[in-house]
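S.K.: Just passing along the structure, written as structure tokens.
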Amino acid sequence: MQLTPLLALTIVLVIFAIGDIVAVKTKAILSMLFVSSVLLLVGFWSGLPSNILPQSQLVGIGGVLVGLLITHMGTLMKVRDLLSQWKTVIIAAGAVAGIGIFILLVGSPIFGRNVAVVAAPPISGGVVAALIMSEAAKAKGFADLSLLATMLLVAQGFIGYPLSSILLTREARRIVSRPELVRALPETAASLENAADKGAFGFRLPQLPKEYQTNFVLLAKLSIVAYASVLIAGLMHNVIHPLVVSLIVGIVAHEIGLLEDNIFEKANGLGLAMAGLLAVVFGNLASATPAMVTKLLAPLAGTLALGVVGIALFTLVLGRIFGYSLEMAITIGLTALYGFPGTYILSHEAARAVARNEEEKQAILHHILPKMLVAGFTTVTISSVILAGIFAKLLV
């Protein structure tokens with residue numbers, strides 16, 4: 001049977017769908033990324049055409065939309081939310097710094113400098129950080145390191161999820177053991193949302209009437225801001241990685257009201273864009289031989305272990321400074337290994353497992369969930385992208 005673009009697209013989307021189903025069934029213990037990558041890898045080794053991802057046209061879609069995706073990430077959380085959780089932000093950013101510093105200093109003598117440089121950003125973040133390092137490794141001719149970035153992306157959840165689940169459950173027990181924390185529920189989120197919000201810069205542009213917030217209008221606005229980000233990065237001679245600039249400009253555009261909350265999803269474009277981005281990242285798997293994968297297992301396990309140690313060291317110090325419990329501080333750092341929706345799912349699972357009534361459940365969620373959401377945004381969405389932008393220039 002001839003592999004037409006439509007057939008290739010269908011096969012790839014079915015693989016991604018199976019990954020989603022397994023992730024839901026296992027409560028994300030087996031992540032969509034892991035399941036999809038294993039299916040593709042086994043498929044390539046069993047005769048699946050190596051050009052199926054480019055043939056599906058998703059690679060082209062992902063390549064052109066990655067800038068829009070990063071700009072969109074800047075619209076997912078208000079600066080006000082980050083400022084209200086400033087201690088969490090510092091601990092989370094410290095965790096990413098800990099990953100980068102510890103892997104670079106300790107991992108370089110063990111696995112080689114380039115392995116350490118490529119490994120740190122994917123461990124500290126998600127798809128975007130892995131993509132930046134994968135493309136940087138390809139540009140330098142390191143096909144095996146490009147594959148390592150992808151393997152780290154799909155493997156990190158196996159450490160992050162169980163460790164976080166254990167620590168969050170202990171944190172939940174600590175909360176319910178203190179009646180004053182259960183009783184002291186503050187002002188509701190709804191009342192905060194009703195307050196006038198002029199953004200971080202003291203003003204917001206008037207919003208478009210609802211009838212003009214069509215898919216194409218939203219996509220056009222997002223695309224204009226993303227392209228402006230590329231131009232700004234070019235004016236700085238790309239000293240700062242263009243995707244890092246896209247994130248920063250997206251945050252600013254969101255704060256001044258130029259871009260709506262969660263704009264890509266509102267425009268109904270996020271699903272296809274994410275499929276394209278994953279196709280770009282998983283493209284490395286087509287050239288991965290069993291021998292290459294086996295060769296990379298030691299640096300994969302080693303750098304992941306070093307990353308977790310780096311997280312623990314930096315978050316313990318910062319957590320003690322800011323009065324966070326050991327469990328909460330380390331879990332904030334571990335969000336780098338999975339991000340959202342893991343941060344949301346694990347918080348609710350801990351609350352359900354420990355709470356004896358609705359009051360205790362709400363108290364647990366009040367103390368845990370905002371920290372987890374902000375931490376995941378800080379590590380995966382912001383800090384890891386910045387780290388990748390820096391480390392991409394360190395490859396030699």
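Scheme for the structure tokens: letters A, B, ... for chains in order shown; per-chain residue numbers from 1; ligand numbers from 1 in order shown.
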I want to know what sits within 10 Å of Leu326 (chain A), based on only C-alpha atoms, with residues of the same chain fewer than 3 positions away left out; could you give that as an mmCIF file with C-alpha atoms, in the first residue's frame?
M.R.:
data_model
loop_
_atom_site.group_PDB
_atom_site.id
_atom_site.type_symbol
_atom_site.label_atom_id
_atom_site.label_comp_id
_atom_site.auth_asym_id
_atom_site.auth_seq_id
_atom_site.Cartn_x
_atom_site.Cartn_y
_atom_site.Cartn_z
ATOM 1 C CA LEU A 167 6.156 13.707 48.689
ATOM 2 C CA GLU A 171 2.724 17.148 52.541
ATOM 3 C CA ALA A 312 17.084 18.239 45.729
ATOM 4 C CA THR A 315 15.353 23.268 46.517
ATOM 5 C CA LEU A 316 16.267 22.105 50.014
ATOM 6 C CA VAL A 317 18.385 25.205 50.565
ATOM 7 C CA LEU A 318 15.847 27.604 49.038
ATOM 8 C CA GLY A 319 12.927 25.854 50.748
ATOM 9 C CA ARG A 320 14.559 26.241 54.140
ATOM 10 C CA GLY A 323 10.018 28.359 55.205
ATOM 11 C CA ALA A 329 10.201 22.367 48.248
ATOM 12 C CA ILE A 330 11.508 19.248 46.505
ATOM 13 C CA THR A 331 8.182 18.616 44.752
#
S.K.: Could you pull out the alpha helix (DSSP H) residues of region 152-303 of chain A, going by DSSP on the backbone, and write them as a PyMOL selection string?
M.R.: chain A and resi 152-155+157-176+179-183+189-194+215-235+242-255+263-266+270-282+290-303
S.K.: Taking only C-alpha atoms into account, name the residue in A:Ile159, A:Pro49, A:Val66, A:Leu153 that is nearest to Met1 (chain A).
M.R.: A:Pro49
S.K.: Of the candidates A:Pro109, A:Pro290, A:Gly60, A:Gly74, which shows the shortest atom-to-atom distance to Leu272 (chain A), using only C-alpha atoms?
M.R.: A:Gly60
S.K.: With a distance cut-off of 7 Å and only C-alpha atoms, select the neighbouring residues of Gly250 (chain A), excluding the residue or stretch itself and same-chain residues fewer than 5 positions from it, and output the selection as number ranges by chain.
M.R.: A: 71-72, 74-75
S.K.: Mind checking which residues fall within 7 Å of Val380 (chain A), counting only C-alpha atoms, ignoring those fewer than 6 positions away in the same chain, and posting them as a PyMOL selection string?
M.R.: chain A and resi 124-126+336+339
S.K.: With only C-alpha atoms as the counted atoms, please give the residues lying no more than 10 Å from Ala136 (chain A), apart from itself and same-chain residues fewer than 5 positions off, as a list in words.
M.R.: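 Near neighbours after the sequence-gap exclusion: Val118, Ala130, Leu131, Gly141, Phe142, Leu145, Ser146, Ala388, Gly389, Phe391, Ala392, Lys393, Leu394 and Leu395 of chain A.
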S.K.: Go ahead and save the residues from that selection, with N, CA and C atoms, as an mmCIF file, in the first residue's frame.
M.R.:
data_model
loop_
_atom_site.group_PDB
_atom_site.id
_atom_site.type_symbol
_atom_site.label_atom_id
_atom_site.label_comp_id
_atom_site.auth_asym_id
_atom_site.auth_seq_id
_atom_site.Cartn_x
_atom_site.Cartn_y
_atom_site.Cartn_z
ATOM 1 N N VAL A 118 23.595 18.878 26.412
ATOM 2 C CA VAL A 118 22.356 18.489 25.740
ATOM 3 C C VAL A 118 21.323 17.962 26.732
ATOM 4 N N ALA A 130 13.477 20.251 24.860
ATOM 5 C CA ALA A 130 14.038 19.100 24.146
ATOM 6 C C ALA A 130 14.226 19.420 22.672
ATOM 7 N N LEU A 131 13.269 20.130 22.090
ATOM 8 C CA LEU A 131 13.366 20.481 20.674
ATOM 9 C C LEU A 131 14.551 21.404 20.412
ATOM 10 N N GLY A 141 25.979 18.179 14.116
ATOM 11 C CA GLY A 141 26.292 16.858 13.590
ATOM 12 C C GLY A 141 26.268 15.736 14.617
ATOM 13 N N PHE A 142 25.642 15.977 15.785
ATOM 14 C CA PHE A 142 25.591 14.960 16.840
ATOM 15 C C PHE A 142 24.230 14.263 16.815
ATOM 16 N N LEU A 145 23.278 12.564 20.160
ATOM 17 C CA LEU A 145 22.873 13.487 21.221
ATOM 18 C C LEU A 145 21.490 14.066 20.949
ATOM 19 N N SER A 146 21.158 14.224 19.675
ATOM 20 C CA SER A 146 19.814 14.668 19.326
ATOM 21 C C SER A 146 18.789 13.636 19.796
ATOM 22 N N ALA A 388 17.635 26.229 27.907
ATOM 23 C CA ALA A 388 17.933 25.647 26.603
ATOM 24 C C ALA A 388 18.534 26.688 25.657
ATOM 25 N N GLY A 389 18.002 27.910 25.712
ATOM 26 C CA GLY A 389 18.558 28.969 24.875
ATOM 27 C C GLY A 389 20.014 29.258 25.195
ATOM 28 N N PHE A 391 22.155 26.963 26.845
ATOM 29 C CA PHE A 391 22.966 25.760 26.647
ATOM 30 C C PHE A 391 23.150 25.406 25.172
ATOM 31 N N ALA A 392 22.189 25.811 24.335
ATOM 32 C CA ALA A 392 22.323 25.519 22.899
ATOM 33 C C ALA A 392 23.576 26.165 22.312
ATOM 34 N N LYS A 393 24.024 27.236 22.941
ATOM 35 C CA LYS A 393 25.218 27.942 22.449
ATOM 36 C C LYS A 393 26.498 27.375 23.047
ATOM 37 N N LEU A 394 26.362 26.405 23.978
ATOM 38 C CA LEU A 394 27.553 25.835 24.626
ATOM 39 C C LEU A 394 28.055 24.577 23.937
ATOM 40 N N LEU A 395 27.296 24.062 22.971
ATOM 41 C CA LEU A 395 27.735 22.861 22.262
ATOM 42 C C LEU A 395 28.969 23.167 21.419
#
S.K.: If we count only C-alpha atoms, what is near Leu152 (chain A) at a cut-off of 8 Å, once residues fewer than 4 positions away on the same chain are taken out, given as a ChimeraX atom specification?
M.R.: /A:119,122-123,148,156,300,304
S.K.: Might you pull out every residue within 9 Å of Pro54 (chain A), with only C-alpha atoms counted and same-chain residues fewer than 3 positions away left off, and present them as a ChimeraX atom specification?
M.R.: /A:5,8,50-51,57-60,279-280,283
S.K.: Could you turn the residues from that selection into a file that holds C-alpha atoms, as a PDB file, in the first residue's frame?
M.R.:
ATOM      1  CA  PRO A   5       0.210  11.917   3.237  1.00  0.00           C
ATOM      2  CA  ALA A   8       0.778   8.707   7.131  1.00  0.00           C
ATOM      3  CA  SER A  50      11.164   5.948   8.317  1.00  0.00           C
ATOM      4  CA  ASN A  51       9.667   8.923   6.454  1.00  0.00           C
ATOM      5  CA  GLN A  57       3.145  16.844   6.835  1.00  0.00           C
ATOM      6  CA  LEU A  58       3.145  17.273  10.621  1.00  0.00           C
ATOM      7  CA  VAL A  59       6.853  18.057  10.673  1.00  0.00           C
ATOM      8  CA  GLY A  60       6.304  21.095   8.476  1.00  0.00           C
ATOM      9  CA  ALA A 279       6.372  15.024  15.102  1.00  0.00           C
ATOM     10  CA  VAL A 280       9.442  17.266  14.963  1.00  0.00           C
ATOM     11  CA  GLY A 283      11.715  12.637  14.106  1.00  0.00           C
TER      12      GLY A 283
END
S.K.: Given the choices A:Ala291, A:Val354, A:Ala363, A:Leu41, which gets closest to Leu181 (chain A) if the distance is worked out from only C-alpha atoms?
M.R.: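 Closest to Leu181 (chain A), using only C-alpha atoms: A:Ala363.
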S.K.: Nearest residue to Lys138 (chain A) out of A:Val281, A:Leu365, A:Glu360, A:Ser108, using only C-alpha atoms?
M.R.: A:Val281
S.K.: Any idea what the distance is between CA of Arg204 (chain A) and CA of Val64 (chain A)?
M.R.: 29.2 Å
S.K.: What does the distance between CA of Leu82 (chain A) and CA of Leu369 (chain A) come to in Å, to one decimal place?
M.R.: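 Interatomic distance here is 13.4 Å.
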S.K.: May I ask for the distance between CA of Leu147 (chain A) and CA of Lys25 (chain A), given in Å to one decimal place?
M.R.: 27.6 Å
